[in-house]
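K.L.:
For reference, this is run.csv, and it has CSV, C-alpha atoms.
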chain,number,residue,atom,x,y,z
A,7,MET,CA,0.0,0.0,0.0
A,8,ASP,CA,1.5,3.4,-1.0
A,9,ASP,CA,1.5,6.5,1.1
A,10,SER,CA,-1.4,8.1,-0.8
A,11,THR,CA,-3.6,5.0,-0.4
A,12,ALA,CA,-2.9,4.9,3.3
A,13,LEU,CA,-3.8,8.6,3.6
A,14,HIS,CA,-7.0,8.0,1.7
A,15,ASN,CA,-8.0,5.0,3.7
A,16,ALA,CA,-7.3,6.8,7.0
A,17,LEU,CA,-9.4,9.9,6.2
A,18,ILE,CA,-12.2,8.1,4.4
A,19,GLY,CA,-12.5,5.5,7.2
A,20,TRP,CA,-12.7,8.3,9.8
A,21,PHE,CA,-15.3,10.2,7.8
A,22,GLU,CA,-17.5,7.2,7.2
A,23,ALA,CA,-17.5,6.4,10.9
A,24,ASN,CA,-17.9,10.0,12.1
A,25,ARG,CA,-19.7,12.0,9.5
A,26,GLU,CA,-22.2,14.4,11.0
A,27,ASP,CA,-25.9,14.0,10.0
A,28,LEU,CA,-26.5,17.2,8.0
A,29,PRO,CA,-29.7,17.9,6.0
A,30,TRP,CA,-27.9,18.3,2.7
A,31,ARG,CA,-26.4,14.8,3.1
A,32,ARG,CA,-29.9,13.3,3.1
A,33,ARG,CA,-30.7,14.7,-0.3
A,34,ARG,CA,-28.0,14.5,-3.0
A,35,ASP,CA,-29.8,15.9,-6.1
A,36,PRO,CA,-27.8,18.7,-7.8
A,37,TYR,CA,-30.3,21.4,-6.8
A,38,ALA,CA,-30.0,20.6,-3.1
A,39,VAL,CA,-26.2,20.3,-3.3
A,40,TRP,CA,-25.9,23.6,-5.1
A,41,LEU,CA,-28.1,25.4,-2.6
A,42,SER,CA,-26.1,24.0,0.4
A,43,GLU,CA,-22.8,24.9,-1.1
A,44,ILE,CA,-23.9,28.5,-1.8
A,45,MET,CA,-25.4,28.9,1.6
A,46,LEU,CA,-22.2,27.5,3.3
A,47,GLN,CA,-19.9,30.0,1.7
A,48,GLN,CA,-18.4,32.0,4.5
A,49,THR,CA,-21.2,31.0,6.9
A,50,ARG,CA,-21.2,28.5,9.7
A,51,VAL,CA,-23.0,25.2,9.4
A,52,GLU,CA,-25.1,25.8,12.5
A,53,THR,CA,-26.4,29.1,11.0
A,54,VAL,CA,-27.2,27.6,7.6
A,55,ILE,CA,-29.3,24.6,8.6
A,56,PRO,CA,-32.6,26.4,9.4
A,57,TYR,CA,-32.2,28.6,6.3
A,58,TYR,CA,-31.5,25.6,4.1
A,59,GLU,CA,-34.6,23.7,5.4
A,60,ARG,CA,-36.9,26.7,5.1
A,61,PHE,CA,-35.6,27.5,1.6
A,62,LEU,CA,-36.1,24.0,0.3
A,63,ALA,CA,-39.5,23.8,1.8
A,64,ARG,CA,-40.5,27.0,0.0
A,65,PHE,CA,-38.6,26.4,-3.2
A,66,PRO,CA,-38.3,22.6,-3.6
A,67,THR,CA,-37.1,22.7,-7.2
A,68,VAL,CA,-35.0,24.9,-9.4
A,69,GLU,CA,-38.2,25.7,-11.4
A,70,ALA,CA,-39.9,27.0,-8.2
A,71,LEU,CA,-36.9,29.2,-7.4
A,72,ALA,CA,-36.7,30.5,-10.9
A,73,ALA,CA,-40.4,31.5,-10.9
A,74,ALA,CA,-40.3,33.3,-7.5
A,75,PRO,CA,-40.1,37.1,-7.3
A,76,LEU,CA,-36.6,38.2,-6.1
A,77,ASP,CA,-38.2,40.1,-3.2
A,78,GLU,CA,-39.5,36.8,-1.9
A,79,VAL,CA,-36.1,35.1,-2.3
A,80,LEU,CA,-34.4,37.9,-0.4
A,81,LYS,CA,-36.9,37.9,2.3
A,82,LEU,CA,-36.3,34.2,2.9
A,83,TRP,CA,-32.6,34.9,2.9
A,84,GLU,CA,-32.9,37.8,5.4
A,85,GLY,CA,-30.3,37.5,8.2
A,86,LEU,CA,-28.1,35.0,6.4
A,87,GLY,CA,-25.8,37.8,5.0
A,88,TYR,CA,-23.8,38.0,1.8
A,89,TYR,CA,-27.0,38.8,-0.1
A,90,SER,CA,-25.3,38.6,-3.5
A,91,ARG,CA,-25.5,34.9,-3.1
A,92,ALA,CA,-29.3,35.0,-3.0
A,93,ARG,CA,-29.4,37.3,-6.1
A,94,ASN,CA,-27.0,34.9,-7.9
A,95,LEU,CA,-29.1,31.9,-6.9
A,96,HIS,CA,-32.2,33.4,-8.4
A,97,ARG,CA,-30.4,34.4,-11.6
A,98,ALA,CA,-28.8,31.0,-12.0
A,99,ALA,CA,-32.1,29.2,-11.4
A,100,GLN,CA,-33.6,31.2,-14.2
A,101,GLN,CA,-30.6,30.4,-16.4
A,102,ILE,CA,-30.9,26.7,-15.7
A,103,VAL,CA,-34.6,26.8,-16.7
A,104,ARG,CA,-34.0,28.9,-19.7
A,105,GLU,CA,-30.9,27.2,-21.2
A,106,TRP,CA,-31.1,23.6,-19.8
A,107,ASP,CA,-34.9,23.2,-19.5
A,108,GLY,CA,-34.6,22.8,-15.7
A,109,ARG,CA,-32.0,20.0,-15.9
A,110,PHE,CA,-28.9,20.9,-13.8
A,111,PRO,CA,-25.7,21.2,-15.8
A,112,ASN,CA,-23.4,18.3,-15.0
A,113,THR,CA,-19.9,19.4,-16.1
A,114,VAL,CA,-17.5,21.7,-14.4
A,115,ASP,CA,-17.3,24.0,-17.4
A,116,ASP,CA,-21.1,24.4,-17.6
A,117,LEU,CA,-21.5,24.8,-13.9
A,118,THR,CA,-19.0,27.7,-13.9
A,119,ARG,CA,-21.2,29.5,-16.3
A,120,LEU,CA,-23.8,29.9,-13.6
A,121,PRO,CA,-23.8,33.2,-11.6
A,122,GLY,CA,-22.1,32.8,-8.3
A,123,VAL,CA,-20.5,29.5,-9.1
A,124,GLY,CA,-16.7,29.7,-9.0
A,125,ARG,CA,-13.9,27.1,-9.2
A,126,TYR,CA,-14.5,25.6,-5.8
A,127,THR,CA,-18.4,25.5,-6.0
A,128,ALA,CA,-18.5,24.0,-9.5
A,129,ARG,CA,-16.2,21.2,-8.4
A,130,ALA,CA,-18.1,20.6,-5.1
A,131,ILE,CA,-21.4,20.2,-7.0
A,132,GLY,CA,-19.6,18.0,-9.6
A,133,SER,CA,-18.1,15.8,-6.9
A,134,PHE,CA,-21.1,15.5,-4.5
A,135,ALA,CA,-24.0,15.5,-7.0
A,136,PHE,CA,-22.5,13.9,-10.1
A,137,GLY,CA,-19.6,11.8,-8.7
A,138,LEU,CA,-17.0,13.6,-10.8
A,139,ASP,CA,-13.4,12.9,-9.9
A,140,VAL,CA,-12.5,16.5,-9.3
A,141,PRO,CA,-10.8,18.1,-6.2
A,142,VAL,CA,-12.2,20.8,-4.0
A,143,LEU,CA,-10.4,23.6,-2.1
A,144,ASP,CA,-12.3,25.6,0.4
A,145,GLY,CA,-10.9,27.2,3.6
A,146,ASN,CA,-11.1,24.0,5.6
A,147,VAL,CA,-9.4,21.9,2.9
A,148,MET,CA,-6.6,24.5,2.5
A,149,ARG,CA,-5.9,24.4,6.2
A,150,VAL,CA,-5.7,20.6,6.3
A,151,LEU,CA,-3.5,20.4,3.3
A,152,ALA,CA,-1.2,23.2,4.5
A,153,ARG,CA,-0.7,21.5,7.8
A,154,VAL,CA,-0.4,17.9,6.6
A,155,PHE,CA,2.1,18.8,3.9
A,156,ASP,CA,3.8,21.8,5.6
A,157,VAL,CA,2.9,24.3,2.9
A,158,ARG,CA,4.5,27.5,4.0
A,159,GLY,CA,3.3,30.1,1.5
A,160,ASP,CA,0.8,32.8,2.4
A,161,ILE,CA,-2.6,31.2,1.5
A,162,ARG,CA,-3.9,34.7,0.6
A,163,LEU,CA,-1.5,34.8,-2.4
A,164,PRO,CA,-2.4,33.4,-5.8
A,165,GLN,CA,0.8,31.3,-6.1
A,166,THR,CA,0.0,29.5,-2.8
A,167,ARG,CA,-3.5,28.8,-3.9
A,168,ARG,CA,-2.2,27.4,-7.2
A,169,GLU,CA,0.2,25.1,-5.2
A,170,LEU,CA,-2.7,23.9,-3.0
A,171,TRP,CA,-4.9,23.2,-6.0
A,172,THR,CA,-2.1,21.2,-7.6
A,173,LEU,CA,-1.7,19.3,-4.4
A,174,ALA,CA,-5.4,18.6,-4.2
A,175,GLU,CA,-5.5,17.4,-7.8
A,176,ARG,CA,-2.5,15.1,-7.2
A,177,LEU,CA,-4.0,13.6,-4.0
A,178,LEU,CA,-7.4,12.8,-5.5
A,179,PRO,CA,-8.4,9.2,-5.2
A,180,VAL,CA,-10.1,8.2,-8.5
A,181,GLY,CA,-13.5,6.7,-7.8
A,182,ARG,CA,-13.6,7.9,-4.2
A,183,ALA,CA,-13.3,11.6,-4.8
A,184,ALA,CA,-16.6,12.6,-3.1
A,185,LEU,CA,-15.8,10.8,0.1
A,186,TRP,CA,-12.3,12.2,0.2
A,187,ASN,CA,-13.4,15.7,-0.6
A,188,GLU,CA,-16.1,15.7,2.0
A,189,GLY,CA,-13.8,14.0,4.5
A,190,LEU,CA,-11.2,16.8,4.1
A,191,MET,CA,-13.9,19.5,4.6
A,192,GLU,CA,-15.3,17.7,7.7
A,193,LEU,CA,-11.9,17.2,9.2
A,194,GLY,CA,-11.1,20.9,8.8
A,195,ARG,CA,-14.4,22.0,10.2
A,196,ARG,CA,-14.5,19.7,13.3
A,197,ILE,CA,-10.9,18.6,14.1
A,198,CYS,CA,-8.3,20.6,12.2
A,199,THR,CA,-9.7,23.9,13.3
A,200,PRO,CA,-8.0,27.3,12.9
A,201,HIS,CA,-7.1,27.5,16.6
A,202,ALA,CA,-6.4,24.7,19.1
A,203,PRO,CA,-6.9,21.8,16.6
A,204,GLN,CA,-7.8,18.5,18.2
A,205,CYS,CA,-4.7,16.6,17.0
A,206,SER,CA,-5.3,13.7,19.3
A,207,LEU,CA,-8.5,12.9,17.4
A,208,CYS,CA,-7.1,13.4,13.9
A,209,PRO,CA,-6.9,10.3,11.6
A,210,LEU,CA,-4.0,12.0,9.8
A,211,ARG,CA,-1.9,12.9,12.8
A,212,ASP,CA,0.8,10.4,12.1
A,213,ARG,CA,1.2,11.7,8.6
A,214,CYS,CA,1.0,15.4,9.4
A,215,GLU,CA,4.1,17.5,9.1
A,216,ALA,CA,2.7,20.4,11.2
A,217,TYR,CA,2.0,18.0,14.1
A,218,ARG,CA,5.5,16.5,13.8
A,219,LEU,CA,7.0,20.0,13.8
A,220,GLY,CA,4.7,21.5,16.4
A,221,ALA,CA,3.6,24.1,13.8
A,222,GLN,CA,-0.2,23.6,13.9
A,223,GLU,CA,-0.9,27.1,15.1
A,224,GLN,CA,1.5,28.7,12.6
A,225,LEU,CA,-0.1,27.1,9.6
A,226,PRO,CA,-1.6,28.0,7.3
A,227,MET,CA,0.4,31.2,6.9
A,228,ARG,CA,-1.6,34.4,6.3
A,229,SER,CA,-0.4,38.0,5.8
A,230,PRO,CA,-2.0,40.5,8.1
A,231,ARG,CA,-5.1,42.2,6.9
A,232,GLU,CA,-5.2,45.9,6.2
A,233,ARG,CA,-6.8,48.1,8.8
A,234,THR,CA,-10.6,48.1,8.4
A,235,PRO,CA,-12.0,51.5,7.5
A,236,HIS,CA,-14.9,53.1,9.4
A,237,TYR,CA,-17.7,55.3,8.1
A,238,ASP,CA,-20.5,57.4,9.7
A,239,VAL,CA,-23.8,56.8,7.9
A,240,ALA,CA,-27.1,58.5,8.5
A,241,ALA,CA,-30.6,57.0,7.9
A,242,ALA,CA,-33.9,58.9,7.7
A,243,ILE,CA,-37.2,57.7,9.3
A,244,ILE,CA,-39.3,59.9,7.0
A,245,ARG,CA,-43.0,60.1,8.1
A,246,ARG,CA,-46.0,61.5,6.3
A,247,GLU,CA,-49.0,63.1,8.0
A,248,ASP,CA,-50.8,59.7,7.9
A,249,GLY,CA,-48.1,58.1,9.9
A,250,ARG,CA,-46.6,56.1,7.0
A,251,ILE,CA,-42.8,55.7,6.8
A,252,LEU,CA,-40.8,55.9,3.6
A,253,ILE,CA,-38.6,52.9,2.8
A,254,THR,CA,-36.5,52.4,-0.3
A,255,GLN,CA,-35.0,49.4,-2.2
A,256,ARG,CA,-31.3,49.4,-2.9
A,257,PRO,CA,-30.2,49.1,-6.5
A,258,LEU,CA,-30.0,45.5,-7.6
A,259,ASP,CA,-26.4,45.7,-8.9
A,260,GLY,CA,-24.9,47.2,-5.8
A,261,MET,CA,-24.0,46.1,-2.3
A,262,LEU,CA,-27.0,44.6,-0.5
A,263,GLY,CA,-28.8,44.9,-3.8
A,264,GLY,CA,-32.5,44.4,-3.7
A,265,LEU,CA,-32.8,44.8,0.1
A,266,TRP,CA,-35.0,47.5,1.6
A,267,GLU,CA,-33.7,50.2,3.9
A,268,PHE,CA,-34.4,53.5,5.6
A,269,PRO,CA,-32.9,56.0,3.0
A,270,GLY,CA,-29.7,57.8,3.7
A,271,GLY,CA,-26.0,57.5,3.1
A,272,LYS,CA,-22.4,58.1,4.1
A,273,ARG,CA,-21.4,61.4,5.7
A,274,ARG,CA,-18.8,63.5,4.0
A,275,ALA,CA,-15.9,64.9,6.0
A,276,ASP,CA,-17.3,68.5,5.8
A,277,GLU,CA,-20.9,67.9,6.8
A,278,THR,CA,-23.1,67.2,9.8
A,279,LEU,CA,-25.2,64.1,9.9
A,280,GLN,CA,-28.3,66.2,9.5
A,281,ALA,CA,-26.9,67.9,6.4
A,282,CYS,CA,-25.8,64.5,5.1
A,283,LEU,CA,-29.4,63.2,5.4
A,284,ARG,CA,-30.9,66.2,3.6
A,285,ARG,CA,-28.4,65.9,0.7
A,286,GLU,CA,-28.7,62.1,0.4
A,287,ILE,CA,-32.5,62.2,0.4
A,288,ARG,CA,-32.5,65.0,-2.2
A,289,GLU,CA,-30.1,63.0,-4.4
A,290,GLU,CA,-31.7,59.6,-4.1
A,291,LEU,CA,-35.4,60.6,-4.0
A,292,GLY,CA,-35.8,64.2,-5.1
A,293,ILE,CA,-37.7,65.2,-2.0
A,294,GLU,CA,-37.2,67.7,0.9
A,295,ILE,CA,-37.2,66.7,4.5
A,296,ALA,CA,-36.9,68.2,8.0
A,297,VAL,CA,-34.5,66.3,10.2
A,298,GLY,CA,-35.6,65.8,13.8
A,299,ALA,CA,-34.4,63.8,16.8
A,300,GLN,CA,-31.9,60.9,16.7
A,301,VAL,CA,-33.7,57.7,17.5
A,302,ALA,CA,-31.1,54.9,17.2
A,303,VAL,CA,-27.4,54.3,16.8
A,304,VAL,CA,-26.2,51.0,15.3
A,305,LYS,CA,-22.5,49.9,15.1
A,306,HIS,CA,-22.2,47.3,12.3
A,307,ALA,CA,-19.4,45.4,10.5
A,308,TYR,CA,-19.3,44.3,6.9
A,309,THR,CA,-16.6,42.3,5.2
A,310,HIS,CA,-14.2,45.2,4.4
A,311,PHE,CA,-15.4,48.1,6.5
A,312,ARG,CA,-17.4,49.1,9.6
A,313,ILE,CA,-20.1,51.7,10.0
A,314,THR,CA,-21.8,53.6,12.8
A,315,LEU,CA,-25.4,54.1,11.6
A,316,TYR,CA,-27.3,57.1,13.0
A,317,ALA,CA,-31.1,57.0,12.5
A,318,PHE,CA,-33.2,60.2,12.7
A,319,GLU,CA,-36.9,61.0,12.8
A,320,CYS,CA,-37.7,63.1,9.8
A,321,ARG,CA,-40.7,64.8,8.4
A,322,HIS,CA,-41.6,64.9,4.7
A,323,LEU,CA,-41.9,68.5,3.6
A,324,ARG,CA,-42.5,68.4,-0.2
A,325,GLY,CA,-41.9,66.5,-3.4
A,326,GLU,CA,-43.0,63.1,-4.6
A,327,PRO,CA,-40.4,60.4,-4.3
A,328,GLN,CA,-38.5,59.5,-7.4
A,329,THR,CA,-36.2,56.5,-8.2
A,330,LEU,CA,-33.1,58.7,-8.8
A,331,GLY,CA,-30.7,56.6,-6.7
A,332,VAL,CA,-32.9,53.7,-5.6
A,333,ALA,CA,-34.6,50.8,-7.3
A,334,ASP,CA,-38.0,51.4,-5.7
A,335,TRP,CA,-39.7,53.1,-2.8
A,336,ALA,CA,-42.9,52.6,-0.7
A,337,TRP,CA,-44.8,54.3,2.1
A,338,VAL,CA,-45.6,51.7,4.8
A,339,MET,CA,-46.9,51.5,8.3
A,340,LEU,CA,-44.4,50.2,10.9
A,341,ASP,CA,-46.4,47.0,11.3
A,342,GLU,CA,-46.1,46.3,7.5
A,343,VAL,CA,-42.3,46.3,7.3
A,344,ASP,CA,-41.9,42.6,8.0
A,345,ALA,CA,-43.2,41.9,4.5
A,346,TYR,CA,-39.9,43.4,3.2
A,347,ALA,CA,-36.3,42.1,3.3
A,348,PHE,CA,-34.0,44.4,5.3
A,349,SER,CA,-30.3,44.2,6.2
A,350,ALA,CA,-29.4,43.4,9.8
A,351,ALA,CA,-28.5,47.0,10.5
A,352,ASP,CA,-31.9,48.3,9.4
A,353,ARG,CA,-33.7,45.5,11.3
A,354,ARG,CA,-32.0,47.0,14.4
A,355,ILE,CA,-33.5,50.3,13.6
A,356,ILE,CA,-36.9,48.7,13.2
A,357,ALA,CA,-36.4,47.1,16.6
A,358,ALA,CA,-35.6,50.5,18.2
A,359,LEU,CA,-38.7,52.1,16.6
A,360,ARG,CA,-40.9,49.3,18.0
A,361,ASP,CA,-39.2,49.8,21.4
A,362,GLY,CA,-40.3,53.5,21.3
A,363,GLY,CA,-37.1,54.9,19.8
A,364,GLN,CA,-34.7,53.4,22.3
A,365,MET,CA,-31.0,53.8,21.5
A,366,ALA,CA,-29.8,50.5,20.0
A,367,LEU,CA,-26.0,50.8,20.3
A,368,GLU,CA,-24.5,47.4,19.5
A,369,TRP,CA,-22.2,45.6,17.1
A,370,GLY,CA,-23.7,43.4,14.4
A,371,VAL,CA,-22.3,41.6,11.4
A,372,ASP,CA,-24.1,41.4,8.1
A,373,GLU,CA,-21.7,40.6,5.2
A,374,GLU,CA,-22.4,41.3,1.6
Is it possible to give me this structure as structure tokens?

P.N.:
Amino acid sequence: MDDSTALHNALIGWFEANREDLPWRRRRDPYAVWLSEIMLQQTRVETVIPYYERFLARFPTVEALAAAPLDEVLKLWEGLGYYSRARNLHRAAQQIVREWDGRFPNTVDDLTRLPGVGRYTARAIGSFAFGLDVPVLDGNVMRVLARVFDVRGDIRLPQTRRELWTLAERLLPVGRAALWNEGLMELGRRICTPHAPQCSLCPLRDRCEAYRLGAQEQLPMRSPRERTPHYDVAAAIIRREDGRILITQRPLDGMLGGLWEFPGGKRRADETLQACLRREIREELGIEIAVGAQVAVVKHAYTHFRITLYAFECRHLRGEPQTLGVADWAWVMLDEVDAYAFSAADRRIIAALRDGGQMALEWGVDEE
């Protein structure tokens, strides 16, 4: 038995004996595999499970997803973050129905034509749904390979990623690729974790260079991230005389595209929050407002920046809203907003309004 076969047997044997019972392992059709892989991108398994089950219950087939309004898809996705994934799912479902008559593409080349499906996701779908002998390389797999084979390059650099893809290709056991791939992913998620890996439970411990060298915490190597910028953002709770509040839909092609929000924007260096709001509302909607009391403050983190969001009560003075910088707008009562999909930051403003305008000063995370 060569070293590769021993490695394969050790990992696959461990995985078959210890695999976690996850909902996407009970249904292996391409649509369900695709949905799980998209949802699991940069999101923890525990967070994904209830979303996955609700999504499949509402959209059990690719045809059902393709036929749904985007607003409904985004509402079901609300709170999961990285909303471009939901928009791409919807677009890809429509493409599958249009170009393949609802039959899921079954080659890596065709899969990568779908919006939101990159090199890793195409191979994961190909491996788990169609049994293709192709490697996968997500963050968990990179960590396992870097430690087992003592890969010292910075995994944020393209040349190191190429080295790891080449290694994953070379290691692939023909005919057992799906078990091997999923075993690597499970090992990285549960045992070979970023910090304090449980080496005593690892089936590859005796073959792991990082364990032999005591370098588990040093690998994989990563260059430090640049300092995260911070912005002050103002949001307007614009009320009409009948008590309705103005909400707006973000442009579909931008960050958090398609989600609804309380209108506003980023403060410039030379303006107050109140002046920022009046300018943003004029530019986005073409109306004039009077800015009143501050009702909420929300600190929030996105992937590459942080914000402090200040919400103000505002009064509509004149003008009919226009779609100058927004995709759509609506006047709604506060008890009607649950029908719309909002980002986590705006949902905290809603919570503050329902709490009588209490200050909601807290950190949240809602990645795009």

K.L.:
What is the atom CA of A:Val157-atom CA of A:Gln48 distance in Å, reported with one decimal?

P.N.:
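So the answer is 22.7 Å.
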
K.L.:
Mind pulling up the distance from atom CA of A:Thr199 to atom CA of A:Ala221?

P.N.:
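So the two atoms, atom CA of A:Ala221 and atom CA of A:Thr199, lie 13.3 Å apart.
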
K.L.:
Within 6 Å of A:Ala317, counting only C-alpha atoms, which residues show up once you throw out same-chain ones fewer than 4 positions away? Write them as a ChimeraX atom specification, please.

P.N.:
/A:240-242,300-302

K.L.:
Which stretch 70-110 of chain A residues have any atom within 8 Å of an atom of stretch 336-360 of chain A, and for each, what is the nearest pair of atoms with distance in Å to one decimal, counting only C-alpha atoms, rows sorted by chain and number, as a Markdown table?

P.N.:
| residue | atom | partner | partner_atom | distance |
| --- | --- | --- | --- | --- |
| A:Asp77 | CA | A:Ala347 | CA | 7.1 |
| A:Leu80 | CA | A:Ala347 | CA | 5.9 |
| A:Lys81 | CA | A:Ala347 | CA | 4.4 |
| A:Leu82 | CA | A:Ala347 | CA | 7.9 |
| A:Glu84 | CA | A:Ala347 | CA | 5.9 |
| A:Gly85 | CA | A:Ala350 | CA | 6.2 |
| A:Gly87 | CA | A:Ser349 | CA | 7.9 |

K.L.:
For a quick check of understanding, using all atoms listed in the file, which of A:Pro56, A:Ile44, A:Met227, A:Asp9 has the smallest distance to A:Pro29?

P.N.:
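Smallest separation from A:Pro29 among the options: A:Pro56.
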
K.L.:
To one decimal place, how far is atom CA of A:Arg284 from atom CA of A:His310 in Å?

P.N.:
26.8 Å

K.L.:
Nearest to A:Val54 among A:Trp186, A:Asp361, A:Arg33, A:Leu28, with distances taken over all atoms listed in the file: which residue is it?

P.N.:
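Going through A:Trp186, A:Asp361, A:Arg33, A:Leu28 one by one, the smallest distance to A:Val54 is for A:Leu28.
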
K.L.:
Could you check which of A:Asp276, A:Gly271, A:Glu247, A:Leu219 is closest to A:His322, using only C-alpha atoms?

P.N.:
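Closest candidate: A:Glu247.
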
K.L.:
Which residue out of A:Arg228, A:Arg182, A:Arg104, A:Arg97 has the minimum interatomic distance to A:Arg167 when only C-alpha atoms are used?

P.N.:
A:Arg228

K.L.:
Can you tell me, as a list in words, what residues are no more than 7 Å from A:Ile313 when counting all atoms listed in the file, ignoring any on the same chain fewer than 5 positions away?

P.N.:
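Selected residues are His236, Tyr237, Asp238, Val239, Lys305, His306 and Ala307 of chain A.
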
K.L.:
Here is a test: counting all atoms listed in the file, which residue of A:Val150, A:Pro257, A:Arg31, A:Leu86 is nearest to A:Cys205?

P.N.:
A:Val150

K.L.:
Nearest to A:Ile287: which of A:Pro203, A:Gly325, A:Pro164, A:Pro230 is it, counting all atoms listed in the file?

P.N.:
A:Gly325

K.L.:
Would you kindly identify which residues have an atom no farther than 12 Å from (-20.8, 22.7, -17.0), using only C-alpha atoms and the file's own coordinates, and write them out as a ChimeraX atom specification?

P.N.:
/A:102,105-106,109-120,123-125,127-129,131-132,136,138

K.L.:
Taking 6 positions as the minimum chain separation for residues in the same chain, which residues sit within 8 Å of A:Trp30 when counting only C-alpha atoms? Answer as a PyMOL selection string.

P.N.:
chain A and resi 38-39+42

K.L.:
Keeping only C-alpha atoms, write the selected residues to a file as a short mmCIF file (atom, residue, chain, number, x, y, z; two decimals), keeping the file's coordinate frame.

P.N.:
data_model
loop_
_atom_site.label_atom_id
_atom_site.label_comp_id
_atom_site.auth_asym_id
_atom_site.auth_seq_id
_atom_site.Cartn_x
_atom_site.Cartn_y
_atom_site.Cartn_z
CA ALA A 38 -30.00 20.60 -3.10
CA VAL A 39 -26.20 20.30 -3.30
CA SER A 42 -26.10 24.00 0.40
#

K.L.:
Report as a PyMOL selection string all protein, DNA and RNA residues lying within 12 Å of A:Cys198, evaluated on only C-alpha atoms, omitting residues in the same chain fewer than 4 positions from it.

P.N.:
chain A and resi 145-154+189-194+202-211+214+216-217+222-223+225-226

K.L.:
Generate the missing atoms of stretch 12-17 of chain A up to all heavy atoms and report them as a PDB file, in the coordinates of the input.

P.N.:
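Saved to selection31.pdb:
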ATOM      1  N   ALA A  12      -2.757   4.890   1.872  1.00  0.00           N
ATOM      2  CA  ALA A  12      -2.900   4.900   3.300  1.00  0.00           C
ATOM      3  C   ALA A  12      -3.552   6.154   3.827  1.00  0.00           C
ATOM      4  O   ALA A  12      -4.397   6.130   4.736  1.00  0.00           O
ATOM      5  CB  ALA A  12      -1.522   4.695   3.976  1.00  0.00           C
ATOM      6  N   LEU A  13      -3.180   7.279   3.230  1.00  0.00           N
ATOM      7  CA  LEU A  13      -3.800   8.600   3.600  1.00  0.00           C
ATOM      8  C   LEU A  13      -5.265   8.571   3.277  1.00  0.00           C
ATOM      9  O   LEU A  13      -6.097   8.967   4.110  1.00  0.00           O
ATOM     10  CB  LEU A  13      -3.058   9.685   2.830  1.00  0.00           C
ATOM     11  CG  LEU A  13      -3.306  11.120   3.290  1.00  0.00           C
ATOM     12  CD1 LEU A  13      -2.580  11.392   4.598  1.00  0.00           C
ATOM     13  CD2 LEU A  13      -2.845  12.106   2.218  1.00  0.00           C
ATOM     14  N   HIS A  14      -5.608   8.097   2.067  1.00  0.00           N
ATOM     15  CA  HIS A  14      -7.000   8.000   1.700  1.00  0.00           C
ATOM     16  C   HIS A  14      -7.822   7.150   2.608  1.00  0.00           C
ATOM     17  O   HIS A  14      -8.914   7.520   3.058  1.00  0.00           O
ATOM     18  CB  HIS A  14      -7.132   7.514   0.230  1.00  0.00           C
ATOM     19  CG  HIS A  14      -6.458   8.377  -0.779  1.00  0.00           C
ATOM     20  ND1 HIS A  14      -5.931   7.882  -1.953  1.00  0.00           N
ATOM     21  CD2 HIS A  14      -6.211   9.706  -0.797  1.00  0.00           C
ATOM     22  CE1 HIS A  14      -5.390   8.871  -2.648  1.00  0.00           C
ATOM     23  NE2 HIS A  14      -5.550   9.987  -1.968  1.00  0.00           N
ATOM     24  N   ASN A  15      -7.295   5.975   2.886  1.00  0.00           N
ATOM     25  CA  ASN A  15      -8.000   5.000   3.700  1.00  0.00           C
ATOM     26  C   ASN A  15      -8.241   5.583   5.139  1.00  0.00           C
ATOM     27  O   ASN A  15      -9.308   5.396   5.744  1.00  0.00           O
ATOM     28  CB  ASN A  15      -7.290   3.694   3.805  1.00  0.00           C
ATOM     29  CG  ASN A  15      -7.345   2.939   2.489  1.00  0.00           C
ATOM     30  OD1 ASN A  15      -8.180   3.226   1.632  1.00  0.00           O
ATOM     31  ND2 ASN A  15      -6.452   1.967   2.322  1.00  0.00           N
ATOM     32  N   ALA A  16      -7.214   6.265   5.669  1.00  0.00           N
ATOM     33  CA  ALA A  16      -7.300   6.800   7.000  1.00  0.00           C
ATOM     34  C   ALA A  16      -8.412   7.867   7.100  1.00  0.00           C
ATOM     35  O   ALA A  16      -9.248   7.862   8.012  1.00  0.00           O
ATOM     36  CB  ALA A  16      -5.975   7.377   7.466  1.00  0.00           C
ATOM     37  N   LEU A  17      -8.410   8.780   6.133  1.00  0.00           N
ATOM     38  CA  LEU A  17      -9.400   9.900   6.200  1.00  0.00           C
ATOM     39  C   LEU A  17     -10.790   9.380   5.855  1.00  0.00           C
ATOM     40  O   LEU A  17     -11.753   9.705   6.571  1.00  0.00           O
ATOM     41  CB  LEU A  17      -8.989  10.986   5.209  1.00  0.00           C
ATOM     42  CG  LEU A  17      -9.958  12.172   5.193  1.00  0.00           C
ATOM     43  CD1 LEU A  17      -9.951  12.905   6.526  1.00  0.00           C
ATOM     44  CD2 LEU A  17      -9.651  13.126   4.057  1.00  0.00           C
TER      45      LEU A  17
END
